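Asks: Here it is: the structure, laid out below.
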Amino acid sequence: MSAPAAASVGGATAPDPAAAVDMSVRLTAPAGTVDLAAGVLTASGCAAAGRELDPYLDLTTLGGVVTKTIMRGARSGRPTPRMAETPSGMLNSIGLQGPGIAHFLAHDLPWVAERGARAVVSVAGEDVEEFVDIARTLRAATSDDGPLGRPGTDGGVLAAVEVNISCPNVANRGLVFACDPGSAAEVVAAVRAATDPRVPVLAKLSPDVTDIVAIARSVLAAGADGLVMVNTLLGVAIDVDRGAPVLSRVTGGLSGPAIRPVAVRCVWQVTAAMRAGLLPTVPVVGVGGVRTGRDAAELVLAGASAVQVGTVTFGDPGAPARVRDELAAVVRHHGLGSLAGLVGRAHDAVRDGGHP
Amino acid sequence: MSAPAAASVGGATAPDPAAAVDMSVRLTAPAGTVDLAAGVLTASGCAAAGRELDPYLDLTTLGGVVTKTIMRGARSGRPTPRMAETPSGMLNSIGLQGPGIAHFLAHDLPWVAERGARAVVSVAGEDVEEFVDIARTLRAATSDDGPLGRPGTDGGVLAAVEVNISCPNVANRGLVFACDPGSAAEVVAAVRAATDPRVPVLAKLSPDVTDIVAIARSVLAAGADGLVMVNTLLGVAIDVDRGAPVLSRVTGGLSGPAIRPVAVRCVWQVTAAMRAGLLPTVPVVGVGGVRTGRDAAELVLAGASAVQVGTVTFGDPGAPARVRDELAAVVRHHGLGSLAGLVGRAHDAVRDGGHP
Amino acid sequence: MSAPAGVLPAARPAQVTAPVVVADRLGGYAHLVIADPVLAQALPGQFVAVAVGDRQSSMLLRRAFSVHRADPAAGTLEVVVAAHGAGTAWIAGRRAGDELDVVGPLGTRFVLPPAGGRVVLVGGGYGSAPFAWTAQAAVAAGVRVDAVVGAGDADRLCDVDGVRAVVGAAGGQVLVTTDDGSAGEPGRVTDALARLLEEPVPTTVAACGPMAMLAAVARTAAAAQERTGAPVDVQVAVEEAMACGIGICMTCVLPVRGADGATRMVRACTDGPVIDAAAVRWDCVGAHGASVPADAVGAPEGGAA
Amino acid sequence: MSAPAGVLPAARPAQVTAPVVVADRLGGYAHLVIADPVLAQALPGQFVAVAVGDRQSSMLLRRAFSVHRADPAAGTLEVVVAAHGAGTAWIAGRRAGDELDVVGPLGTRFVLPPAGGRVVLVGGGYGSAPFAWTAQAAVAAGVRVDAVVGAGDADRLCDVDGVRAVVGAAGGQVLVTTDDGSAGEPGRVTDALARLLEEPVPTTVAACGPMAMLAAVARTAAAAQERTGAPVDVQVAVEEAMACGIGICMTCVLPVRGADGATRMVRACTDGPVIDAAAVRWDCVGAHGASVPADAVGAPEGGAA
Ligand SMILES: Cc1cc2nc3c(=O)[nH]c(=O)nc-3n(C[C@H](O)[C@H](O)[C@H](O)COP(=O)(O)OP(=O)(O)OC[C@H]3O[C@@H](n4cnc5c(N)ncnc54)[C@H](O)[C@@H]3O)c2cc1C
Ligand SMILES: Cc1cc2nc3c(=O)[nH]c(=O)nc-3n(C[C@H](O)[C@H](O)[C@H](O)COP(=O)(O)OP(=O)(O)OC[C@H]3O[C@@H](n4cnc5c(N)ncnc54)[C@H](O)[C@@H]3O)c2cc1C
Ligand SMILES: Cc1cc2nc3c(=O)[nH]c(=O)nc-3n(C[C@H](O)[C@H](O)[C@H](O)COP(=O)(O)O)c2cc1C
Ligand SMILES: Cc1cc2nc3c(=O)[nH]c(=O)nc-3n(C[C@H](O)[C@H](O)[C@H](O)COP(=O)(O)O)c2cc1C
Ligand code: FES
Ligand code: FES
């Protein structure tokens, strides 16, 4: 683990409540390691590329900004309505609107670099070629002598690549990569091969599968350096007055605190399999319904090395930084000096018979 | 459809707000039809066998009491804690505690009959033989000349059998029937064969699968007369103070309004497949997160012919009857005279281009 | 348990929307007086279940509270609330004039000995909430009353003055204990209880508090009975996490031996909260939940589900 | 749009917890005065996003409200709230002394013509909320003001008196319309607007209300311009369902032509809410949402995603 994050980043005037706790997290790539300042990040699609959140929190106190999933070309996304509020959650159906990788590299990533923050770039494609294309373009833009600094190891802006194989909104003949172990593996292997070996490649999984451990196994075999769990659950809301679906394209992704128990379960199952030696052990990033530091701690205690804060940011733009501080307080409350010490403790409690 | 339900049941002193609306729903069995007084029922495991709810609502105004899933012998269930409250939901891990089919037939079902209400009996087993055994015992106890009256068609207490193939709590070498099309079909076929042909057999599905339409297809091919969707989602909650899972056996079933968008989605997908001719058309009973009549209407507009009210009953024991009245008000608001008229309307809206 | 002479049978429970007519403090606790004629029929030992927030609340489940006092003549029911998590914090924050959605009266009640008998009331933390009222009923029924009121610290003692007023006036003893000695004598309620049970007279102990305390009370009573030869009947009001409070969810169970000697997982909300301590399988009741005894009816082979 | 002379640049938005200092009614609407120095910097046309409930709320998303009035000297910001669904009902129910979690000031603002110019304000329902204040700014800047205030019925008219007080005092006209004729003249705001645009002078129309009204205002203005030959510049404050209000979720988009002539799905919360009506692709904006024009940048082949 790197030096205590709180000491080395940020310039807050108030005393940093996380000061005494090492909140950092280490990711590993085939040819290097990446230390993130804190095990709390934004979630893809819930922070744009960081800039809009700048008035509300200090991005440099986070492990990184996970960018809205970027594709090769510009995409208009879906018609509106694209959202529906649901109990303790929401549905979204954006359709991966975005400016395309070139615009992103020219305008968005440089801002993150200039701000002194890190980025985890989320990528997707409609076919394997598109994934590879984006990964190559990203690699070229973040070469050692490029304006965006050395990727990975040396603290350049690019901290990791997140492979979004689980977005239920992508129209791929009705199929989603993440629901099939074979195509999930194919995409991850291709992106891993096309990415700088010093940059970790994380595979983001969908909870909408019968057996998430099987999907995890296949993407790990394909070379994923870490897992991100979970993406949204597929859902539908009906406008009762109109007698029609709320969302323009009927289905959307369910997110928010409503789904947290599902996210914690996925993290639990996959890290239990790692502990049982059934899967190779890699860092797991937990995401789904984190509203408070205690929520984040649920994911960490269940086995996640880091967490992302998504939907809650819409209602509370300062949430990711607040969650980081609150999570640090939980770490301290457990008498620990580092976030790493909290990871997976609930498994130990069960093993040690910490149950009636 | 049968005569308006509200006119024929109940003896409330206040004017029945559902009076003008036909809330009934018809189920079909291989050798008969069953008309339920209303398309609103309790949900299995959320109403015991009805008696405890008697102080809070008039059970005869409902389509029926769906009983806690009953197994062959007595079961002690799991250690406690068995519950965790989650945002707009809860986890439960009861482990199918129950007195066994003999006690149920001697003490519980007669009470429902005496009260003048109907029962949908939920059954489960650890293997196909146990399912068949219970179905046979139930058939024997509800023979034409038995004390519980003629089953099915003639208005006896037994309105239908619900096959719980989807309970994630049953320890069946870690597998759940509902997650595998083959074993799901095997169980449904066996229960259908062992059940009085005048009694509809409904298969209750789990949302924790990659392709719910595939599961629906296999249980319909196996002879299910209707589908019930959905059972709980598998979830985990961690007690952050103790650093251990809240539930004694770690995982539990997530229910409540939090999961409603998933339930609506499952109903939508399966009834869309029926409308497209990809599945035979049978009644679908929607369950998951119904708190109000508008919530129930979401499931109905998405294609459900009836709904069940589960978790919300814990916090609001009068909820099933209230939801029935509120749903009737929605039906009226749409200018319709019967619940049946509302079924699946949101599909029509999409087909008719009721979208931007 | 059947109702002793002079005690009304338990009222049929109802779900009511009832106004809070008084909202103040009772020591470290919030104290709410709720006006409703059905709730006002509650008997000592019973509880009510209170909904949190409105129909948009993210907290779906009710919170259970022992009845602090019910007055059928005044048409009121009172509860004492410790703001613990988010739900109890919301309930504790109600003000006079607010309305609450309450289900009750629920569960079993304390069964007092006949006139001339003796009862010792033992309350830990908010567990002593019902005991000033219970003592009143006992005194009125010609039952002799002593009491132990304990807590972790002085702040968590509940209604010592109320209990003292009734029990003291009737000539009984009220012993106060705190774990940290910040009020009363330092130590556990069981230390004080043991002293009260030195007297060799048939005694009913009515206890309410955390599970670990209830188990210790049962042990202390059994030891006293052994020592003095005088029978000590212990009734405990148990506190199990409850999702429904009305018997439909099966979350609140604990292992209890029945009349037939067989152990079953019974519902604390309908077969309790007041249960005969001798019937409880304390060997399988822990601080964070209860396990299923291997010999329980329907226990999985091997003993662990 | 760049700030005209004399108008402050938009303040950097902040997330604040601020007290409600006045909670009363403005006709059929709730009216809240919130005290906060950052919010008080808001400019006409901008909006604020208000959180619903506390951290246990089941409603995660903020509700957007146009700024009714902001007063940097007093340090206050005012909103006018129609209790529509559960979230706005909660907000409308706040009382003086309660605190609100507010993000703002957000979005673009109305750009008034230079001194000597003319503006016509057109508000439908609560859409007229910002217009008494906007009119004040215009009058102060030497701009001539007329206004149309409309609604479905009398109950939904918003702040007619406030608009009248300012516009009337400055010698401008205020026309009131209701669909059902229950107040003012029967008919649509556009009927009245058409009359105000008969005068052949360059005019800026600032409009706020439902999407269908805004589209009709744009059409009416275009027709008037054609008829009179005098340029009519229309700025509309659009209302799209918003999950975040700050530009991070991409739910609030609508199709707008850019300076390069290409149509993009732009965010109503950051590129709006005040948008040049001539740039909006009204052909793809409906009552329940906006579709993606087939010629939009990044539109799926075939035109439908
Ligand atoms: C029969 C009975 C009588 C009680 N009497 C009182 C009383 O007089 N005064 C008082 O302050 N408290 C009393 N309690 C405890 C009180 O019900 C819990 O503290 C409360 O439910 C916890 O809710 P929360 O919102 O603070 O915590 P949370 O942790 O948010 O509760 C989450 C969920 O777990 C359940 N739960 C958690 N802890 C408990 C618990 N200890 N008992 C039951 N359910 C629990 C809640 O009902 C809720 O569904 C009693 C409990 C029972 C069962
Ligand atoms: C820029 C802007 C300015 C507005 N100004 C005002 C105002 O001054 N006064 C006023 O009363 N209302 C105003 N509204 C509308 C107000 O935001 C919605 O009525 C409100 O969000 C609906 O919330 P609800 O809880 O009533 O309904 P719900 O249906 O419960 O809302 C559910 C979700 O959908 C979103 N949503 C639903 N309808 C709308 C809508 N019309 N606009 C935006 N989001 C919506 C909500 O934000 C919420 O996230 C404005 C909206 C926008 C976008
Ligand atoms: C509006 C919205 C847009 C999202 N867009 C993306 C995306 O582009 N790529 C992706 O991998 N996940 C996307 N997600 C999923 C989130 O990153 C996250 O996995 C999910 O919302 C669960 O976390 P939460 O409950 O904290 O939001 C999106 C979620 C929301 C709500
Ligand atoms: C405590 C509890 C016990 C349950 N027991 C059963 C059961 O025995 N059999 C079954 O088929 N479903 C059971 N369920 C699932 C419900 O019937 C229902 O499918 C699910 O909870 C979703 O509906 P809801 O959100 O309305 O509760 C149970 C649910 C809960 C909360
Ligand atoms: S709390 Fe539901 S059965 Fe006891
Ligand atoms: S509301 Fe989120 S981007 Fe506009």
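Naming scheme: A, B, ... for chains in displayed order of the structure tokens; residues 1 onward per chain; ligands 1 onward as shown.
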Determine, counting only C-alpha atoms, which protein, DNA and RNA residues have an atom within 12 Å of an atom of Arg55 (chain D); residues of the same chain fewer than 5 positions away are not included. Present the result as a VMD selection string.
Replies: (chain A and resid 88 257 290 to 292 312 315 to 316 319) or (chain B and resid 87) or (chain C and resid 57 to 59 86 to 87 90) or (chain D and resid 60 to 61 101)
Asks: Select all residues from chain A having any atom no more than 6 Å from an atom of chain D (counting only C-alpha atoms, ignoring ligands), output as number ranges by chain.
Replies: A: 46-48, 74-76, 78-82, 87-88, 314-315
Asks: Enumerate as a PyMOL selection string the residues belonging to chain A that approach chain B to within 7 Å, with only C-alpha atoms taken into account.
Replies: chain A and resi 87-88+179+208-210+234-238+240+243-245+248+257-258+261-262+264-265+294+297-298+301+345-346+349-350+355-356
Asks: Step by step, measure atom-to-atom distances between ligand 1 and each residue using only C-alpha atoms and all ligand atoms, keep those at most 7 Å, then write them as an MDAnalysis selection string.
Replies: (chainID B and resid 84:85) or (chainID C and resid 47 61:68 79:89 126:127 129 237:243 269 273)
Asks: Separation of CA of Val230 (chain B) and CA of Gly286 (chain B), in Å?
Replies: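 CA of Gly286 (chain B) lies at a distance of 6.8 Å from CA of Val230 (chain B).
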Asks: Can you tell me which residues surround Asp153 (chain D) at a distance of at most 9 Å, considering only C-alpha atoms, apart from same-chain residues fewer than 6 positions away, and format the answer as number ranges by chain?
Replies: D: 125, 177-183
Asks: Keeping N, CA and C atoms, export the residues of the selection given above as a CSV table (one decimal), in the first residue's frame.
Replies:
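Here's the written file again-v4.csv:
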```csv
chain,number,residue,atom,x,y,z
D,125,GLY,N,-48.9,28.6,-16.1
D,125,GLY,CA,-48.9,27.9,-14.8
D,125,GLY,C,-47.8,28.5,-14.0
D,177,THR,N,-54.7,35.0,-19.3
D,177,THR,CA,-55.6,34.0,-20.0
D,177,THR,C,-55.7,32.8,-19.2
D,178,THR,N,-56.9,32.1,-19.3
D,178,THR,CA,-57.1,30.8,-18.8
D,178,THR,C,-57.8,29.9,-19.9
D,179,ASP,N,-57.4,28.7,-19.9
D,179,ASP,CA,-58.0,27.8,-20.9
D,179,ASP,C,-59.5,27.7,-20.7
D,180,ASP,N,-59.9,27.7,-19.5
D,180,ASP,CA,-61.4,27.5,-19.2
D,180,ASP,C,-62.1,28.9,-18.9
D,181,GLY,N,-61.4,30.0,-19.1
D,181,GLY,CA,-62.0,31.3,-18.9
D,181,GLY,C,-62.4,31.6,-17.5
D,182,SER,N,-61.8,30.8,-16.5
D,182,SER,CA,-62.2,31.1,-15.1
D,182,SER,C,-61.5,32.3,-14.5
D,183,ALA,N,-60.6,32.9,-15.3
D,183,ALA,CA,-60.0,34.2,-14.9
D,183,ALA,C,-59.4,34.8,-16.2
```
Asks: Quick one: residues within 6 Å of Leu106 (chain C), only C-alpha atoms, excluding same-chain residues fewer than 2 positions away - as a PDB file with C-alpha atoms, in the first residue's frame?
Replies:
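Result file follows (part_25.pdb):
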```
ATOM      1  CA  GLN C  46     -47.908  -6.409  25.634  1.00  0.00           C
ATOM      2  CA  PHE C  47     -46.408  -4.295  22.914  1.00  0.00           C
ATOM      3  CA  VAL C  48     -47.356  -2.080  20.015  1.00  0.00           C
ATOM      4  CA  GLY C 104     -51.715  -3.152  18.826  1.00  0.00           C
TER       5      GLY C 104
END
```
Asks: Extract, using only C-alpha atoms, all DNA, RNA and protein residues at most 9 Å from Gly318 (chain A), discarding same-chain residues fewer than 5 positions from it, and format them as a PyMOL selection string.
Replies: (chain A and resi 53+55-58+313+323) or (chain D and resi 15)
Asks: Which parts of region 119-307 of chain A does DSSP call strand (DSSP E) when run on the backbone here, written out as an NGL selection string?
Replies: :A and (119-123 or 158-164 or 201-205 or 226-229 or 233-236 or 238-239 or 244-245 or 251-255 or 284-287 or 306-307)
Asks: Show me, as a list in words, the residues that have an atom within 8 Å of region 156-163 of chain A when counting only C-alpha atoms, minus same-chain residues fewer than 5 positions from it.
Replies: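 Those residues are Val34, Leu36, Gly64, Leu109, Val112, Ala113, Gly116, Ala117, Arg118, Ala119, Val120, Val121, Ser122, Val123, Ala124, Thr142, Leu148, Gly149, Arg150, Pro151, Val188, Val191, Val199, Pro200, Val201, Leu202, Ala203, Lys204 and Val228 of chain A.
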Asks: Emit the selected residues as an mmCIF file, in the first residue's frame, including N, CA, C and O atoms.
Replies:
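Everything below was put into result_15.cif:
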```cif
data_model
loop_
_atom_site.group_PDB
_atom_site.id
_atom_site.type_symbol
_atom_site.label_atom_id
_atom_site.label_comp_id
_atom_site.auth_asym_id
_atom_site.auth_seq_id
_atom_site.Cartn_x
_atom_site.Cartn_y
_atom_site.Cartn_z
ATOM 1 N N VAL A 34 -0.755 0.177 -9.667
ATOM 2 C CA VAL A 34 -1.308 1.530 -9.624
ATOM 3 C C VAL A 34 -1.889 1.752 -8.228
ATOM 4 O O VAL A 34 -2.721 0.971 -7.775
ATOM 5 N N LEU A 36 -4.146 4.020 -5.956
ATOM 6 C CA LEU A 36 -5.152 5.080 -5.967
ATOM 7 C C LEU A 36 -5.183 5.742 -4.590
ATOM 8 O O LEU A 36 -5.033 5.069 -3.562
ATOM 9 N N GLY A 64 -10.457 8.136 -7.933
ATOM 10 C CA GLY A 64 -10.489 8.515 -9.334
ATOM 11 C C GLY A 64 -11.892 8.795 -9.797
ATOM 12 O O GLY A 64 -12.868 8.501 -9.107
ATOM 13 N N LEU A 109 -10.473 14.182 -20.867
ATOM 14 C CA LEU A 109 -9.374 13.617 -20.086
ATOM 15 C C LEU A 109 -8.326 14.672 -19.705
ATOM 16 O O LEU A 109 -7.836 14.669 -18.571
ATOM 17 N N VAL A 112 -9.253 16.401 -16.491
ATOM 18 C CA VAL A 112 -9.002 15.589 -15.288
ATOM 19 C C VAL A 112 -7.518 15.667 -14.918
ATOM 20 O O VAL A 112 -7.161 15.835 -13.748
ATOM 21 N N ALA A 113 -6.679 15.573 -15.947
ATOM 22 C CA ALA A 113 -5.228 15.619 -15.714
ATOM 23 C C ALA A 113 -4.830 16.971 -15.109
ATOM 24 O O ALA A 113 -4.083 17.036 -14.125
ATOM 25 N N GLY A 116 -5.467 17.492 -11.604
ATOM 26 C CA GLY A 116 -4.668 16.691 -10.679
ATOM 27 C C GLY A 116 -5.376 15.449 -10.185
ATOM 28 O O GLY A 116 -4.947 14.804 -9.221
ATOM 29 N N ALA A 117 -6.476 15.093 -10.839
ATOM 30 C CA ALA A 117 -7.221 13.887 -10.438
ATOM 31 C C ALA A 117 -6.841 12.718 -11.342
ATOM 32 O O ALA A 117 -6.098 12.880 -12.308
ATOM 33 N N ARG A 118 -7.339 11.555 -10.996
ATOM 34 C CA ARG A 118 -7.079 10.376 -11.827
ATOM 35 C C ARG A 118 -8.370 9.955 -12.504
ATOM 36 O O ARG A 118 -9.460 10.217 -11.998
ATOM 37 N N ALA A 119 -8.220 9.250 -13.610
ATOM 38 C CA ALA A 119 -9.395 8.758 -14.322
ATOM 39 C C ALA A 119 -9.316 7.259 -14.530
ATOM 40 O O ALA A 119 -8.249 6.712 -14.831
ATOM 41 N N VAL A 120 -10.437 6.606 -14.320
ATOM 42 C CA VAL A 120 -10.619 5.238 -14.793
ATOM 43 C C VAL A 120 -11.533 5.385 -15.996
ATOM 44 O O VAL A 120 -12.664 5.884 -15.861
ATOM 45 N N VAL A 121 -11.024 5.024 -17.163
ATOM 46 C CA VAL A 121 -11.804 5.263 -18.371
ATOM 47 C C VAL A 121 -12.642 4.038 -18.695
ATOM 48 O O VAL A 121 -12.116 2.933 -18.874
ATOM 49 N N SER A 122 -13.943 4.258 -18.738
ATOM 50 C CA SER A 122 -14.874 3.174 -19.054
ATOM 51 C C SER A 122 -15.087 3.125 -20.555
ATOM 52 O O SER A 122 -15.368 4.144 -21.181
ATOM 53 N N VAL A 123 -14.968 1.948 -21.121
ATOM 54 C CA VAL A 123 -15.089 1.806 -22.565
ATOM 55 C C VAL A 123 -16.100 0.733 -22.930
ATOM 56 O O VAL A 123 -16.309 -0.219 -22.182
ATOM 57 N N ALA A 124 -16.721 0.909 -24.073
ATOM 58 C CA ALA A 124 -17.650 -0.105 -24.570
ATOM 59 C C ALA A 124 -17.677 -0.077 -26.083
ATOM 60 O O ALA A 124 -17.186 0.869 -26.713
ATOM 61 N N THR A 142 -2.174 8.114 -24.415
ATOM 62 C CA THR A 142 -1.571 8.189 -23.085
ATOM 63 C C THR A 142 -0.179 7.585 -23.093
ATOM 64 O O THR A 142 0.239 6.946 -22.139
ATOM 65 N N LEU A 148 -0.812 13.644 -21.676
ATOM 66 C CA LEU A 148 -1.602 13.148 -20.542
ATOM 67 C C LEU A 148 -0.762 12.371 -19.542
ATOM 68 O O LEU A 148 -1.269 11.799 -18.584
ATOM 69 N N GLY A 149 0.524 12.344 -19.757
ATOM 70 C CA GLY A 149 1.405 11.686 -18.795
ATOM 71 C C GLY A 149 1.431 10.182 -18.958
ATOM 72 O O GLY A 149 0.653 9.590 -19.687
ATOM 73 N N ARG A 150 2.435 9.591 -18.282
ATOM 74 C CA ARG A 150 2.579 8.137 -18.340
ATOM 75 C C ARG A 150 1.364 7.457 -17.744
ATOM 76 O O ARG A 150 0.936 7.818 -16.666
ATOM 77 N N PRO A 151 0.839 6.497 -18.433
ATOM 78 C CA PRO A 151 -0.318 5.786 -17.887
ATOM 79 C C PRO A 151 0.098 4.859 -16.757
ATOM 80 O O PRO A 151 1.267 4.461 -16.659
ATOM 81 N N VAL A 188 -12.932 -8.979 -22.988
ATOM 82 C CA VAL A 188 -11.927 -8.630 -21.988
ATOM 83 C C VAL A 188 -10.521 -8.995 -22.480
ATOM 84 O O VAL A 188 -9.570 -8.211 -22.339
ATOM 85 N N VAL A 191 -9.472 -6.349 -25.060
ATOM 86 C CA VAL A 191 -9.123 -5.046 -24.485
ATOM 87 C C VAL A 191 -7.807 -5.167 -23.714
ATOM 88 O O VAL A 191 -6.951 -4.280 -23.791
ATOM 89 N N VAL A 199 -1.303 -0.623 -17.337
ATOM 90 C CA VAL A 199 -2.632 -0.130 -16.950
ATOM 91 C C VAL A 199 -3.554 -1.309 -16.633
ATOM 92 O O VAL A 199 -3.755 -2.177 -17.479
ATOM 93 N N PRO A 200 -4.092 -1.341 -15.421
ATOM 94 C CA PRO A 200 -5.016 -2.431 -15.079
ATOM 95 C C PRO A 200 -6.292 -2.360 -15.918
ATOM 96 O O PRO A 200 -6.792 -1.268 -16.194
ATOM 97 N N VAL A 201 -6.784 -3.506 -16.292
ATOM 98 C CA VAL A 201 -8.056 -3.606 -17.009
ATOM 99 C C VAL A 201 -9.068 -4.272 -16.067
ATOM 100 O O VAL A 201 -8.858 -5.393 -15.601
ATOM 101 N N LEU A 202 -10.128 -3.524 -15.791
ATOM 102 C CA LEU A 202 -11.171 -4.017 -14.885
ATOM 103 C C LEU A 202 -12.398 -4.403 -15.701
ATOM 104 O O LEU A 202 -12.787 -3.661 -16.607
ATOM 105 N N ALA A 203 -12.988 -5.527 -15.376
ATOM 106 C CA ALA A 203 -14.209 -5.942 -16.073
ATOM 107 C C ALA A 203 -15.404 -5.642 -15.191
ATOM 108 O O ALA A 203 -15.442 -6.043 -14.034
ATOM 109 N N LYS A 204 -16.370 -4.926 -15.757
ATOM 110 C CA LYS A 204 -17.563 -4.567 -14.975
ATOM 111 C C LYS A 204 -18.698 -5.518 -15.321
ATOM 112 O O LYS A 204 -19.110 -5.634 -16.479
ATOM 113 N N VAL A 228 -15.387 -5.149 -11.394
ATOM 114 C CA VAL A 228 -16.262 -4.108 -10.869
ATOM 115 C C VAL A 228 -17.669 -4.698 -10.839
ATOM 116 O O VAL A 228 -18.172 -5.167 -11.862
#
```
Asks: Using only C-alpha atoms, which residues sit within 12 Å of Gln225 (chain C) once same-chain residues fewer than 2 positions away are excluded, as a ChimeraX atom specification?
Replies: /C:194,196-205,218-223,227-234
Asks: Counting only C-alpha atoms and all ligand atoms, figure out which residue out of A:Val219, A:Val66, A:Ala189, A:Ala102 gets nearest to ligand 3.
Replies: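 So, comparing all the options, the nearest one is A:Val66.
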Asks: Rank nothing, just name the residue among B:Gly146, B:Ser93, B:Ala329, B:Ala216 nearest to ligand 4, using only C-alpha atoms and all ligand atoms.
Replies: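 The closest residue to ligand 4 is B:Ser93.
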Asks: Looking at D:Leu175, D:Val160, D:Ile275, D:Ala92, which one is nearest to His31 (chain D), with distances taken over only C-alpha atoms?
Replies: D:Ala92
Asks: Any chance you could list, as JSON, numbers by chain, the residues in region 147-207 of chain D that come up alpha helix (DSSP H) when DSSP is run on the backbone?
Replies: {"D": [160, 161, 162, 163, 164, 165, 166, 167, 168, 169, 189, 190, 191, 192, 193, 194, 195, 196]}
Asks: Could you please take those selected residues and save N, CA and C atoms as a CSV table (one decimal), in the first residue's frame?
Replies:
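The file below, result-v4.csv, is the result:
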```csv
chain,number,residue,atom,x,y,z
D,160,VAL,N,-50.0,36.6,-10.7
D,160,VAL,CA,-50.5,37.7,-11.6
D,160,VAL,C,-50.3,39.1,-10.9
D,161,ASP,N,-50.6,39.1,-9.6
D,161,ASP,CA,-50.5,40.4,-8.9
D,161,ASP,C,-49.1,40.9,-9.0
D,162,GLY,N,-48.1,40.1,-8.7
D,162,GLY,CA,-46.7,40.4,-8.7
D,162,GLY,C,-46.3,41.0,-10.0
D,163,VAL,N,-46.7,40.3,-11.1
D,163,VAL,CA,-46.3,40.7,-12.4
D,163,VAL,C,-46.9,42.1,-12.8
D,164,ARG,N,-48.2,42.1,-12.4
D,164,ARG,CA,-49.0,43.4,-12.7
D,164,ARG,C,-48.3,44.6,-12.0
D,165,ALA,N,-48.0,44.4,-10.7
D,165,ALA,CA,-47.4,45.5,-9.9
D,165,ALA,C,-46.2,46.1,-10.6
D,166,VAL,N,-45.3,45.2,-11.1
D,166,VAL,CA,-44.1,45.7,-11.7
D,166,VAL,C,-44.3,46.2,-13.2
D,167,VAL,N,-45.0,45.4,-14.0
D,167,VAL,CA,-45.2,45.8,-15.4
D,167,VAL,C,-46.1,46.9,-15.5
D,168,GLY,N,-47.2,46.8,-14.7
D,168,GLY,CA,-48.2,47.9,-14.8
D,168,GLY,C,-47.6,49.3,-14.4
D,169,ALA,N,-46.8,49.3,-13.3
D,169,ALA,CA,-46.2,50.5,-12.8
D,169,ALA,C,-45.3,51.1,-13.9
D,189,VAL,N,-52.2,31.5,-23.9
D,189,VAL,CA,-51.2,32.6,-23.9
D,189,VAL,C,-50.8,33.1,-25.2
D,190,THR,N,-50.8,32.1,-26.2
D,190,THR,CA,-50.4,32.5,-27.5
D,190,THR,C,-51.3,33.5,-28.2
D,191,ASP,N,-52.6,33.4,-27.9
D,191,ASP,CA,-53.6,34.3,-28.5
D,191,ASP,C,-53.2,35.7,-28.0
D,192,ALA,N,-53.0,35.9,-26.7
D,192,ALA,CA,-52.6,37.2,-26.2
D,192,ALA,C,-51.2,37.6,-26.7
D,193,LEU,N,-50.3,36.7,-26.8
D,193,LEU,CA,-49.0,37.0,-27.3
D,193,LEU,C,-49.1,37.6,-28.7
D,194,ALA,N,-49.9,36.9,-29.5
D,194,ALA,CA,-50.0,37.4,-30.9
D,194,ALA,C,-50.4,38.8,-31.0
D,195,ARG,N,-51.3,39.2,-30.1
D,195,ARG,CA,-51.7,40.6,-30.1
D,195,ARG,C,-50.6,41.5,-29.7
D,196,LEU,N,-49.8,41.1,-28.7
D,196,LEU,CA,-48.7,42.0,-28.2
D,196,LEU,C,-47.6,42.1,-29.3
```
